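Engineer: Sharing run.cif, mmCIF, N, CA and C atoms:
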data_model
#
loop_
_atom_site.label_atom_id
_atom_site.label_comp_id
_atom_site.auth_asym_id
_atom_site.auth_seq_id
_atom_site.Cartn_x
_atom_site.Cartn_y
_atom_site.Cartn_z
N MET A 1215 223.87 156.61 27.08
CA MET A 1215 224.52 155.38 26.72
C MET A 1215 223.50 154.23 26.69
N GLU A 1216 222.66 154.23 27.67
CA GLU A 1216 221.62 153.20 27.77
C GLU A 1216 220.71 153.27 26.54
N MET A 1217 220.36 154.45 26.10
CA MET A 1217 219.50 154.65 24.93
C MET A 1217 220.19 154.15 23.66
N MET A 1218 221.46 154.37 23.55
CA MET A 1218 222.24 153.94 22.40
C MET A 1218 222.32 152.41 22.34
N LYS A 1219 222.45 151.79 23.50
CA LYS A 1219 222.53 150.35 23.58
C LYS A 1219 221.20 149.73 23.14
N ARG A 1220 220.10 150.30 23.61
CA ARG A 1220 218.77 149.79 23.26
C ARG A 1220 218.50 149.97 21.76
N SER A 1221 218.87 151.10 21.20
CA SER A 1221 218.61 151.33 19.78
C SER A 1221 219.48 150.41 18.91
N SER A 1222 220.70 150.13 19.34
CA SER A 1222 221.53 149.21 18.56
C SER A 1222 221.00 147.78 18.67
N ILE A 1223 220.49 147.40 19.84
CA ILE A 1223 219.88 146.07 19.97
C ILE A 1223 218.62 145.99 19.11
N LEU A 1224 217.82 147.04 19.10
CA LEU A 1224 216.61 147.07 18.31
C LEU A 1224 216.95 147.01 16.81
N MET A 1225 217.94 147.76 16.39
CA MET A 1225 218.36 147.74 14.99
C MET A 1225 218.90 146.35 14.61
N GLY A 1226 219.63 145.74 15.48
CA GLY A 1226 220.16 144.40 15.24
C GLY A 1226 219.03 143.39 15.11
N ALA A 1227 218.01 143.51 15.95
CA ALA A 1227 216.87 142.59 15.88
C ALA A 1227 216.09 142.79 14.58
N VAL A 1228 215.92 144.05 14.16
CA VAL A 1228 215.21 144.32 12.91
C VAL A 1228 216.00 143.77 11.73
N LEU A 1229 217.31 143.99 11.70
CA LEU A 1229 218.14 143.45 10.63
C LEU A 1229 218.11 141.92 10.60
N TRP A 1230 218.18 141.32 11.76
CA TRP A 1230 218.13 139.86 11.84
C TRP A 1230 216.79 139.34 11.32
N ALA A 1231 215.70 140.04 11.66
CA ALA A 1231 214.36 139.62 11.19
C ALA A 1231 214.26 139.75 9.67
N LEU A 1232 214.80 140.83 9.12
CA LEU A 1232 214.75 141.00 7.66
C LEU A 1232 215.57 139.91 6.95
N ILE A 1233 216.72 139.60 7.49
CA ILE A 1233 217.55 138.56 6.88
C ILE A 1233 216.87 137.20 7.01
N ALA A 1234 216.26 136.92 8.14
CA ALA A 1234 215.58 135.64 8.35
C ALA A 1234 214.40 135.50 7.40
N VAL A 1235 213.67 136.59 7.13
CA VAL A 1235 212.52 136.53 6.22
C VAL A 1235 213.00 136.27 4.79
N ASN A 1236 214.08 136.90 4.36
CA ASN A 1236 214.60 136.70 3.00
C ASN A 1236 215.11 135.27 2.79
N THR A 1237 215.78 134.72 3.78
CA THR A 1237 216.28 133.36 3.62
C THR A 1237 215.14 132.36 3.67
N ALA A 1238 214.10 132.63 4.42
CA ALA A 1238 212.97 131.71 4.49
C ALA A 1238 212.23 131.68 3.15
N SER A 1239 212.11 132.79 2.45
CA SER A 1239 211.41 132.80 1.17
C SER A 1239 212.26 132.13 0.09
N ALA A 1240 213.57 132.15 0.21
CA ALA A 1240 214.43 131.51 -0.77
C ALA A 1240 214.38 130.00 -0.65
N GLN A 1241 213.93 129.47 0.45
CA GLN A 1241 213.88 128.03 0.63
C GLN A 1241 212.71 127.40 -0.13
N LEU A 1242 211.77 128.18 -0.62
CA LEU A 1242 210.63 127.64 -1.35
C LEU A 1242 210.99 127.30 -2.79
N ILE A 1243 212.06 127.85 -3.33
CA ILE A 1243 212.48 127.59 -4.70
C ILE A 1243 213.26 126.28 -4.71
N PRO A 1244 212.93 125.35 -5.59
CA PRO A 1244 213.67 124.09 -5.62
C PRO A 1244 215.11 124.31 -6.05
N PRO A 1245 216.01 123.45 -5.64
CA PRO A 1245 217.41 123.61 -6.02
C PRO A 1245 217.58 123.53 -7.54
N GLY A 1246 218.36 124.41 -8.10
CA GLY A 1246 218.60 124.44 -9.52
C GLY A 1246 217.51 125.14 -10.31
N GLY A 1247 216.51 125.66 -9.66
CA GLY A 1247 215.40 126.33 -10.35
C GLY A 1247 215.42 127.81 -10.06
N SER A 1248 214.53 128.53 -10.72
CA SER A 1248 214.38 129.94 -10.44
C SER A 1248 212.89 130.25 -10.43
N GLN A 1249 212.57 131.48 -10.09
CA GLN A 1249 211.17 131.86 -10.00
C GLN A 1249 210.55 131.99 -11.40
N LEU A 1250 211.37 132.09 -12.45
CA LEU A 1250 210.85 132.29 -13.79
C LEU A 1250 210.65 130.99 -14.56
N ASN A 1251 211.16 129.86 -14.05
CA ASN A 1251 211.00 128.58 -14.73
C ASN A 1251 209.57 128.08 -14.59
N PRO A 1252 209.00 127.51 -15.69
CA PRO A 1252 207.66 126.94 -15.57
C PRO A 1252 207.71 125.63 -14.78
N PRO A 1253 206.60 125.17 -14.26
CA PRO A 1253 206.63 123.91 -13.52
C PRO A 1253 206.90 122.73 -14.46
N LEU A 1254 207.42 121.66 -13.92
CA LEU A 1254 207.73 120.48 -14.71
C LEU A 1254 206.45 119.82 -15.20
N PRO A 1255 206.47 119.18 -16.39
CA PRO A 1255 205.28 118.49 -16.87
C PRO A 1255 205.01 117.26 -16.01
N PRO A 1256 203.78 116.77 -16.03
CA PRO A 1256 203.48 115.58 -15.23
C PRO A 1256 204.21 114.37 -15.80
N PRO A 1257 204.50 113.38 -14.98
CA PRO A 1257 205.21 112.20 -15.48
C PRO A 1257 204.32 111.43 -16.45
N PRO A 1258 204.93 110.68 -17.38
CA PRO A 1258 204.12 109.92 -18.35
C PRO A 1258 203.35 108.82 -17.63
N PRO A 1259 202.26 108.37 -18.24
CA PRO A 1259 201.49 107.30 -17.60
C PRO A 1259 202.29 106.00 -17.59
N PRO A 1260 202.02 105.14 -16.65
CA PRO A 1260 202.77 103.88 -16.61
C PRO A 1260 202.40 103.01 -17.81
N PRO A 1261 203.32 102.15 -18.24
CA PRO A 1261 203.03 101.30 -19.41
C PRO A 1261 201.94 100.29 -19.08
N LYS A 1262 201.17 99.94 -20.12
CA LYS A 1262 200.13 98.93 -19.94
C LYS A 1262 200.77 97.55 -20.04
N ILE A 1263 200.55 96.76 -19.04
CA ILE A 1263 201.11 95.41 -19.01
C ILE A 1263 199.98 94.45 -19.30
N GLU A 1264 200.11 93.72 -20.39
CA GLU A 1264 199.10 92.74 -20.78
C GLU A 1264 199.65 91.35 -20.54
N VAL A 1265 198.87 90.54 -19.89
CA VAL A 1265 199.28 89.17 -19.60
C VAL A 1265 198.96 88.32 -20.83
N PRO A 1266 199.93 87.54 -21.33
CA PRO A 1266 199.65 86.71 -22.50
C PRO A 1266 198.66 85.60 -22.16
N ALA A 1267 197.98 85.12 -23.20
CA ALA A 1267 197.01 84.05 -23.00
C ALA A 1267 197.73 82.77 -22.60
N ILE A 1268 197.15 82.08 -21.64
CA ILE A 1268 197.74 80.84 -21.17
C ILE A 1268 197.18 79.70 -22.01
N PRO A 1269 198.03 78.89 -22.64
CA PRO A 1269 197.51 77.79 -23.45
C PRO A 1269 196.85 76.73 -22.57
N GLN A 1270 195.78 76.18 -23.07
CA GLN A 1270 195.06 75.14 -22.35
C GLN A 1270 195.65 73.78 -22.70
N ILE A 1271 195.55 72.84 -21.79
CA ILE A 1271 196.14 71.53 -22.00
C ILE A 1271 195.42 70.77 -23.12
N ASP A 1272 194.09 70.85 -23.17
CA ASP A 1272 193.35 70.07 -24.14
C ASP A 1272 193.05 70.84 -25.43
N ALA A 1273 193.63 72.04 -25.59
CA ALA A 1273 193.37 72.83 -26.80
C ALA A 1273 194.20 72.28 -27.96
N PRO A 1274 193.64 72.26 -29.18
CA PRO A 1274 194.42 71.76 -30.32
C PRO A 1274 195.54 72.74 -30.66
N LEU A 1275 196.64 72.18 -31.16
CA LEU A 1275 197.77 73.01 -31.54
C LEU A 1275 197.45 73.80 -32.80
N PRO A 1276 197.89 75.05 -32.89
CA PRO A 1276 197.62 75.81 -34.11
C PRO A 1276 198.46 75.27 -35.26
N VAL A 1277 197.87 75.21 -36.44
CA VAL A 1277 198.57 74.73 -37.63
C VAL A 1277 199.34 75.89 -38.25
N PRO A 1278 200.65 75.75 -38.42
CA PRO A 1278 201.42 76.86 -39.00
C PRO A 1278 201.08 77.03 -40.48
N GLN A 1279 201.02 78.25 -40.92
CA GLN A 1279 200.74 78.57 -42.31
C GLN A 1279 202.06 78.62 -43.07
N VAL A 1280 202.17 77.83 -44.14
CA VAL A 1280 203.39 77.77 -44.93
C VAL A 1280 203.23 78.69 -46.12
N GLN A 1281 204.19 79.58 -46.30
CA GLN A 1281 204.19 80.49 -47.44
C GLN A 1281 204.77 79.77 -48.65
N GLY A 1282 204.13 79.89 -49.79
CA GLY A 1282 204.64 79.29 -51.02
C GLY A 1282 205.84 80.09 -51.53
N LEU A 1283 206.60 79.49 -52.42
CA LEU A 1283 207.72 80.19 -53.01
C LEU A 1283 207.21 81.31 -53.90
N GLN A 1284 207.67 82.49 -53.66
CA GLN A 1284 207.21 83.63 -54.43
C GLN A 1284 208.17 83.92 -55.59
N ARG A 1285 209.34 83.29 -55.60
CA ARG A 1285 210.33 83.56 -56.64
C ARG A 1285 210.05 82.78 -57.91
N GLY A 1286 209.32 81.70 -57.82
CA GLY A 1286 209.14 80.86 -58.99
C GLY A 1286 210.31 79.89 -59.11
N SER A 1287 210.21 78.98 -60.07
CA SER A 1287 211.29 78.01 -60.23
C SER A 1287 212.50 78.68 -60.90
N PHE A 1288 213.65 77.99 -60.83
CA PHE A 1288 214.86 78.54 -61.42
C PHE A 1288 214.72 78.66 -62.93
N GLY A 1289 214.09 77.65 -63.54
CA GLY A 1289 213.90 77.69 -64.99
C GLY A 1289 213.02 78.85 -65.41
N ASP A 1290 211.96 79.11 -64.64
CA ASP A 1290 211.09 80.26 -64.96
C ASP A 1290 211.85 81.58 -64.84
N ARG A 1291 212.71 81.67 -63.82
CA ARG A 1291 213.48 82.91 -63.63
C ARG A 1291 214.48 83.09 -64.77
N ILE A 1292 215.15 82.00 -65.19
CA ILE A 1292 216.12 82.09 -66.30
C ILE A 1292 215.41 82.53 -67.57
N THR A 1293 214.26 81.92 -67.84
CA THR A 1293 213.50 82.27 -69.06
C THR A 1293 213.10 83.74 -69.05
N ARG A 1294 212.59 84.19 -67.91
CA ARG A 1294 212.19 85.60 -67.81
C ARG A 1294 213.38 86.52 -67.98
N CYS A 1295 214.53 86.18 -67.37
CA CYS A 1295 215.72 87.03 -67.48
C CYS A 1295 216.28 87.03 -68.90
N LEU A 1296 216.24 85.88 -69.58
CA LEU A 1296 216.70 85.83 -70.98
C LEU A 1296 215.80 86.70 -71.87
N GLU A 1297 214.51 86.64 -71.62
CA GLU A 1297 213.58 87.45 -72.42
C GLU A 1297 213.79 88.94 -72.14
N ASP A 1298 214.03 89.29 -70.87
CA ASP A 1298 214.29 90.70 -70.53
C ASP A 1298 215.57 91.19 -71.20
N GLY A 1299 216.62 90.33 -71.21
CA GLY A 1299 217.88 90.70 -71.84
C GLY A 1299 217.73 90.87 -73.34
N ALA A 1300 216.94 89.97 -73.98
CA ALA A 1300 216.72 90.09 -75.42
C ALA A 1300 215.92 91.35 -75.74
N ALA A 1301 214.95 91.67 -74.88
CA ALA A 1301 214.14 92.87 -75.11
C ALA A 1301 214.99 94.13 -74.95
N ALA A 1302 216.05 94.05 -74.13
CA ALA A 1302 216.92 95.20 -73.93
C ALA A 1302 217.95 95.31 -75.05
N GLY A 1303 218.01 94.32 -75.96
CA GLY A 1303 218.92 94.40 -77.08
C GLY A 1303 220.30 93.87 -76.78
N LEU A 1304 220.45 92.98 -75.78
CA LEU A 1304 221.76 92.42 -75.43
C LEU A 1304 222.10 91.30 -76.41
N GLY A 1305 223.38 91.12 -76.65
CA GLY A 1305 223.86 90.04 -77.51
C GLY A 1305 223.82 88.73 -76.73
N PRO A 1306 224.14 87.58 -77.41
CA PRO A 1306 224.05 86.27 -76.75
C PRO A 1306 224.97 86.14 -75.53
N ASN A 1307 226.21 86.60 -75.63
CA ASN A 1307 227.13 86.49 -74.49
C ASN A 1307 226.69 87.41 -73.35
N GLN A 1308 226.23 88.58 -73.67
CA GLN A 1308 225.77 89.51 -72.64
C GLN A 1308 224.47 89.00 -72.00
N ARG A 1309 223.61 88.36 -72.81
CA ARG A 1309 222.36 87.82 -72.27
C ARG A 1309 222.62 86.68 -71.29
N SER A 1310 223.61 85.84 -71.57
CA SER A 1310 223.90 84.74 -70.65
C SER A 1310 224.45 85.26 -69.32
N ALA A 1311 225.32 86.24 -69.38
CA ALA A 1311 225.86 86.83 -68.14
C ALA A 1311 224.75 87.53 -67.36
N TYR A 1312 223.90 88.25 -68.09
CA TYR A 1312 222.79 88.97 -67.44
C TYR A 1312 221.81 87.98 -66.82
N SER A 1313 221.48 86.90 -67.54
CA SER A 1313 220.49 85.95 -67.01
C SER A 1313 221.01 85.24 -65.78
N ARG A 1314 222.32 84.91 -65.74
CA ARG A 1314 222.88 84.27 -64.52
C ARG A 1314 222.77 85.21 -63.32
N ALA A 1315 223.14 86.47 -63.52
CA ALA A 1315 223.09 87.42 -62.41
C ALA A 1315 221.65 87.69 -62.00
N CYS A 1316 220.76 87.77 -62.98
CA CYS A 1316 219.36 88.11 -62.72
C CYS A 1316 218.65 86.96 -62.00
N ALA A 1317 218.87 85.72 -62.43
CA ALA A 1317 218.14 84.59 -61.87
C ALA A 1317 218.58 84.27 -60.45
N ASN A 1318 219.82 84.60 -60.09
CA ASN A 1318 220.32 84.28 -58.75
C ASN A 1318 220.01 85.35 -57.72
N GLN A 1319 219.30 86.36 -58.11
CA GLN A 1319 218.96 87.41 -57.13
C GLN A 1319 217.84 86.95 -56.25
#
Have the structure of the file written as structure tokens, please.
Structural biologist:
Amino acid sequence: MEMMKRSSILMGAVLWALIAVNTASAQLIPPGGSQLNPPLPPPPPPPKIEVPAIPQIDAPLPVPQVQGLQRGSFGDRITRCLEDGAAAGLGPNQRSAYSRACANQ
């Protein structure tokens, strides 16, 4: 009986050690991951923060650049649209309607 008790205690200790070893190795895997997943990529570099230039008190103000009208005058646009309509073979009434729509674009 004594021998049976010792062997069952020994078997219990061996089983407990095997279970403890298996659970300890499972703790190395991150939650939600598996042993077959590749490692995560490194995080992106932090953004570059550039400080804007501080205006000086005695510095001259920059002169704004004014863009000229690129459309031309209304009369020039009407003339061009009338000529385009005549070149397309439109009649007088159709040319006037076309030139109004064309010049106001």
Engineer: Step by step, work through what the PyMOL selection byres ((chain A and resi 1317) around 7) selects in the shown file, and finish by giving those residues as a PyMOL selection string.
Structural biologist: chain A and resi 1288+1291-1292+1295+1312-1316+1318-1319
Engineer: Tell me, in Å to one decimal, how far atom CA of Arg1309 of chain A is from atom CA of Asp1290 of chain A.
Structural biologist: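 These two atoms are separated by 15.4 Å.
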Engineer: Take atom CA of Asn1307 of chain A and atom CA of Arg1285 of chain A and report the distance between them in Å, one decimal.
Structural biologist: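 Interatomic distance, atom CA of Asn1307 of chain A to atom CA of Arg1285 of chain A: 24.7 Å.
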Engineer: Could you tell me how far atom C of Ala1300 of chain A lies from atom N of Gly1286 of chain A, in Å and to one decimal?
Structural biologist: 21.4 Å
Engineer: As a JSON list (two decimals) with N, CA and C atoms, in the coordinates of the input, please: all residues of chain A that backbone DSSP puts in alpha helix (DSSP H).
Structural biologist:
[["chain", "number", "residue", "atom", "x", "y", "z"],
["A", 1216, "GLU", "N", 222.66, 154.23, 27.67],
["A", 1216, "GLU", "CA", 221.62, 153.20, 27.77],
["A", 1216, "GLU", "C", 220.71, 153.27, 26.54],
["A", 1217, "MET", "N", 220.36, 154.45, 26.10],
["A", 1217, "MET", "CA", 219.50, 154.65, 24.93],
["A", 1217, "MET", "C", 220.19, 154.15, 23.66],
["A", 1218, "MET", "N", 221.46, 154.37, 23.55],
["A", 1218, "MET", "CA", 222.24, 153.94, 22.40],
["A", 1218, "MET", "C", 222.32, 152.41, 22.34],
["A", 1219, "LYS", "N", 222.45, 151.79, 23.50],
["A", 1219, "LYS", "CA", 222.53, 150.35, 23.58],
["A", 1219, "LYS", "C", 221.20, 149.73, 23.14],
["A", 1220, "ARG", "N", 220.10, 150.30, 23.61],
["A", 1220, "ARG", "CA", 218.77, 149.79, 23.26],
["A", 1220, "ARG", "C", 218.50, 149.97, 21.76],
["A", 1221, "SER", "N", 218.87, 151.10, 21.20],
["A", 1221, "SER", "CA", 218.61, 151.33, 19.78],
["A", 1221, "SER", "C", 219.48, 150.41, 18.91],
["A", 1222, "SER", "N", 220.70, 150.13, 19.34],
["A", 1222, "SER", "CA", 221.53, 149.21, 18.56],
["A", 1222, "SER", "C", 221.00, 147.78, 18.67],
["A", 1223, "ILE", "N", 220.49, 147.40, 19.84],
["A", 1223, "ILE", "CA", 219.88, 146.07, 19.97],
["A", 1223, "ILE", "C", 218.62, 145.99, 19.11],
["A", 1224, "LEU", "N", 217.82, 147.04, 19.10],
["A", 1224, "LEU", "CA", 216.61, 147.07, 18.31],
["A", 1224, "LEU", "C", 216.95, 147.01, 16.81],
["A", 1225, "MET", "N", 217.94, 147.76, 16.39],
["A", 1225, "MET", "CA", 218.36, 147.74, 14.99],
["A", 1225, "MET", "C", 218.90, 146.35, 14.61],
["A", 1226, "GLY", "N", 219.63, 145.74, 15.48],
["A", 1226, "GLY", "CA", 220.16, 144.40, 15.24],
["A", 1226, "GLY", "C", 219.03, 143.39, 15.11],
["A", 1227, "ALA", "N", 218.01, 143.51, 15.95],
["A", 1227, "ALA", "CA", 216.87, 142.59, 15.88],
["A", 1227, "ALA", "C", 216.09, 142.79, 14.58],
["A", 1228, "VAL", "N", 215.92, 144.05, 14.16],
["A", 1228, "VAL", "CA", 215.21, 144.32, 12.91],
["A", 1228, "VAL", "C", 216.00, 143.77, 11.73],
["A", 1229, "LEU", "N", 217.31, 143.99, 11.70],
["A", 1229, "LEU", "CA", 218.14, 143.45, 10.63],
["A", 1229, "LEU", "C", 218.11, 141.92, 10.60],
["A", 1230, "TRP", "N", 218.18, 141.32, 11.76],
["A", 1230, "TRP", "CA", 218.13, 139.86, 11.84],
["A", 1230, "TRP", "C", 216.79, 139.34, 11.32],
["A", 1231, "ALA", "N", 215.70, 140.04, 11.66],
["A", 1231, "ALA", "CA", 214.36, 139.62, 11.19],
["A", 1231, "ALA", "C", 214.26, 139.75, 9.67],
["A", 1232, "LEU", "N", 214.80, 140.83, 9.12],
["A", 1232, "LEU", "CA", 214.75, 141.00, 7.66],
["A", 1232, "LEU", "C", 215.57, 139.91, 6.95],
["A", 1233, "ILE", "N", 216.72, 139.60, 7.49],
["A", 1233, "ILE", "CA", 217.55, 138.56, 6.88],
["A", 1233, "ILE", "C", 216.87, 137.20, 7.01],
["A", 1234, "ALA", "N", 216.26, 136.92, 8.14],
["A", 1234, "ALA", "CA", 215.58, 135.64, 8.35],
["A", 1234, "ALA", "C", 214.40, 135.50, 7.40],
["A", 1235, "VAL", "N", 213.67, 136.59, 7.13],
["A", 1235, "VAL", "CA", 212.52, 136.53, 6.22],
["A", 1235, "VAL", "C", 213.00, 136.27, 4.79],
["A", 1236, "ASN", "N", 214.08, 136.90, 4.36],
["A", 1236, "ASN", "CA", 214.60, 136.70, 3.00],
["A", 1236, "ASN", "C", 215.11, 135.27, 2.79],
["A", 1237, "THR", "N", 215.78, 134.72, 3.78],
["A", 1237, "THR", "CA", 216.28, 133.36, 3.62],
["A", 1237, "THR", "C", 215.14, 132.36, 3.67],
["A", 1238, "ALA", "N", 214.10, 132.63, 4.42],
["A", 1238, "ALA", "CA", 212.97, 131.71, 4.49],
["A", 1238, "ALA", "C", 212.23, 131.68, 3.15],
["A", 1239, "SER", "N", 212.11, 132.79, 2.45],
["A", 1239, "SER", "CA", 211.41, 132.80, 1.17],
["A", 1239, "SER", "C", 212.26, 132.13, 0.09],
["A", 1240, "ALA", "N", 213.57, 132.15, 0.21],
["A", 1240, "ALA", "CA", 214.43, 131.51, -0.77],
["A", 1240, "ALA", "C", 214.38, 130.00, -0.65],
["A", 1288, "PHE", "N", 213.65, 77.99, -60.83],
["A", 1288, "PHE", "CA", 214.86, 78.54, -61.42],
["A", 1288, "PHE", "C", 214.72, 78.66, -62.93],
["A", 1289, "GLY", "N", 214.09, 77.65, -63.54],
["A", 1289, "GLY", "CA", 213.90, 77.69, -64.99],
["A", 1289, "GLY", "C", 213.02, 78.85, -65.41],
["A", 1290, "ASP", "N", 211.96, 79.11, -64.64],
["A", 1290, "ASP", "CA", 211.09, 80.26, -64.96],
["A", 1290, "ASP", "C", 211.85, 81.58, -64.84],
["A", 1291, "ARG", "N", 212.71, 81.67, -63.82],
["A", 1291, "ARG", "CA", 213.48, 82.91, -63.63],
["A", 1291, "ARG", "C", 214.48, 83.09, -64.77],
["A", 1292, "ILE", "N", 215.15, 82.00, -65.19],
["A", 1292, "ILE", "CA", 216.12, 82.09, -66.30],
["A", 1292, "ILE", "C", 215.41, 82.53, -67.57],
["A", 1293, "THR", "N", 214.26, 81.92, -67.84],
["A", 1293, "THR", "CA", 213.50, 82.27, -69.06],
["A", 1293, "THR", "C", 213.10, 83.74, -69.05],
["A", 1294, "ARG", "N", 212.59, 84.19, -67.91],
["A", 1294, "ARG", "CA", 212.19, 85.60, -67.81],
["A", 1294, "ARG", "C", 213.38, 86.52, -67.98],
["A", 1295, "CYS", "N", 214.53, 86.18, -67.37],
["A", 1295, "CYS", "CA", 215.72, 87.03, -67.48],
["A", 1295, "CYS", "C", 216.28, 87.03, -68.90],
["A", 1296, "LEU", "N", 216.24, 85.88, -69.58],
["A", 1296, "LEU", "CA", 216.70, 85.83, -70.98],
["A", 1296, "LEU", "C", 215.80, 86.70, -71.87],
["A", 1297, "GLU", "N", 214.51, 86.64, -71.62],
["A", 1297, "GLU", "CA", 213.58, 87.45, -72.42],
["A", 1297, "GLU", "C", 213.79, 88.94, -72.14],
["A", 1298, "ASP", "N", 214.03, 89.29, -70.87],
["A", 1298, "ASP", "CA", 214.29, 90.70, -70.53],
["A", 1298, "ASP", "C", 215.57, 91.19, -71.20],
["A", 1299, "GLY", "N", 216.62, 90.33, -71.21],
["A", 1299, "GLY", "CA", 217.88, 90.70, -71.84],
["A", 1299, "GLY", "C", 217.73, 90.87, -73.34],
["A", 1300, "ALA", "N", 216.94, 89.97, -73.98],
["A", 1300, "ALA", "CA", 216.72, 90.09, -75.42],
["A", 1300, "ALA", "C", 215.92, 91.35, -75.74],
["A", 1301, "ALA", "N", 214.95, 91.67, -74.88],
["A", 1301, "ALA", "CA", 214.14, 92.87, -75.11],
["A", 1301, "ALA", "C", 214.99, 94.13, -74.95],
["A", 1306, "PRO", "N", 224.14, 87.58, -77.41],
["A", 1306, "PRO", "CA", 224.05, 86.27, -76.75],
["A", 1306, "PRO", "C", 224.97, 86.14, -75.53],
["A", 1307, "ASN", "N", 226.21, 86.60, -75.63],
["A", 1307, "ASN", "CA", 227.13, 86.49, -74.49],
["A", 1307, "ASN", "C", 226.69, 87.41, -73.35],
["A", 1308, "GLN", "N", 226.23, 88.58, -73.67],
["A", 1308, "GLN", "CA", 225.77, 89.51, -72.64],
["A", 1308, "GLN", "C", 224.47, 89.00, -72.00],
["A", 1309, "ARG", "N", 223.61, 88.36, -72.81],
["A", 1309, "ARG", "CA", 222.36, 87.82, -72.27],
["A", 1309, "ARG", "C", 222.62, 86.68, -71.29],
["A", 1310, "SER", "N", 223.61, 85.84, -71.57],
["A", 1310, "SER", "CA", 223.90, 84.74, -70.65],
["A", 1310, "SER", "C", 224.45, 85.26, -69.32],
["A", 1311, "ALA", "N", 225.32, 86.24, -69.38],
["A", 1311, "ALA", "CA", 225.86, 86.83, -68.14],
["A", 1311, "ALA", "C", 224.75, 87.53, -67.36],
["A", 1312, "TYR", "N", 223.90, 88.25, -68.09],
["A", 1312, "TYR", "CA", 222.79, 88.97, -67.44],
["A", 1312, "TYR", "C", 221.81, 87.98, -66.82],
["A", 1313, "SER", "N", 221.48, 86.90, -67.54],
["A", 1313, "SER", "CA", 220.49, 85.95, -67.01],
["A", 1313, "SER", "C", 221.01, 85.24, -65.78],
["A", 1314, "ARG", "N", 222.32, 84.91, -65.74],
["A", 1314, "ARG", "CA", 222.88, 84.27, -64.52],
["A", 1314, "ARG", "C", 222.77, 85.21, -63.32],
["A", 1315, "ALA", "N", 223.14, 86.47, -63.52],
["A", 1315, "ALA", "CA", 223.09, 87.42, -62.41],
["A", 1315, "ALA", "C", 221.65, 87.69, -62.00],
["A", 1316, "CYS", "N", 220.76, 87.77, -62.98],
["A", 1316, "CYS", "CA", 219.36, 88.11, -62.72],
["A", 1316, "CYS", "C", 218.65, 86.96, -62.00],
["A", 1317, "ALA", "N", 218.87, 85.72, -62.43],
["A", 1317, "ALA", "CA", 218.14, 84.59, -61.87],
["A", 1317, "ALA", "C", 218.58, 84.27, -60.45]]
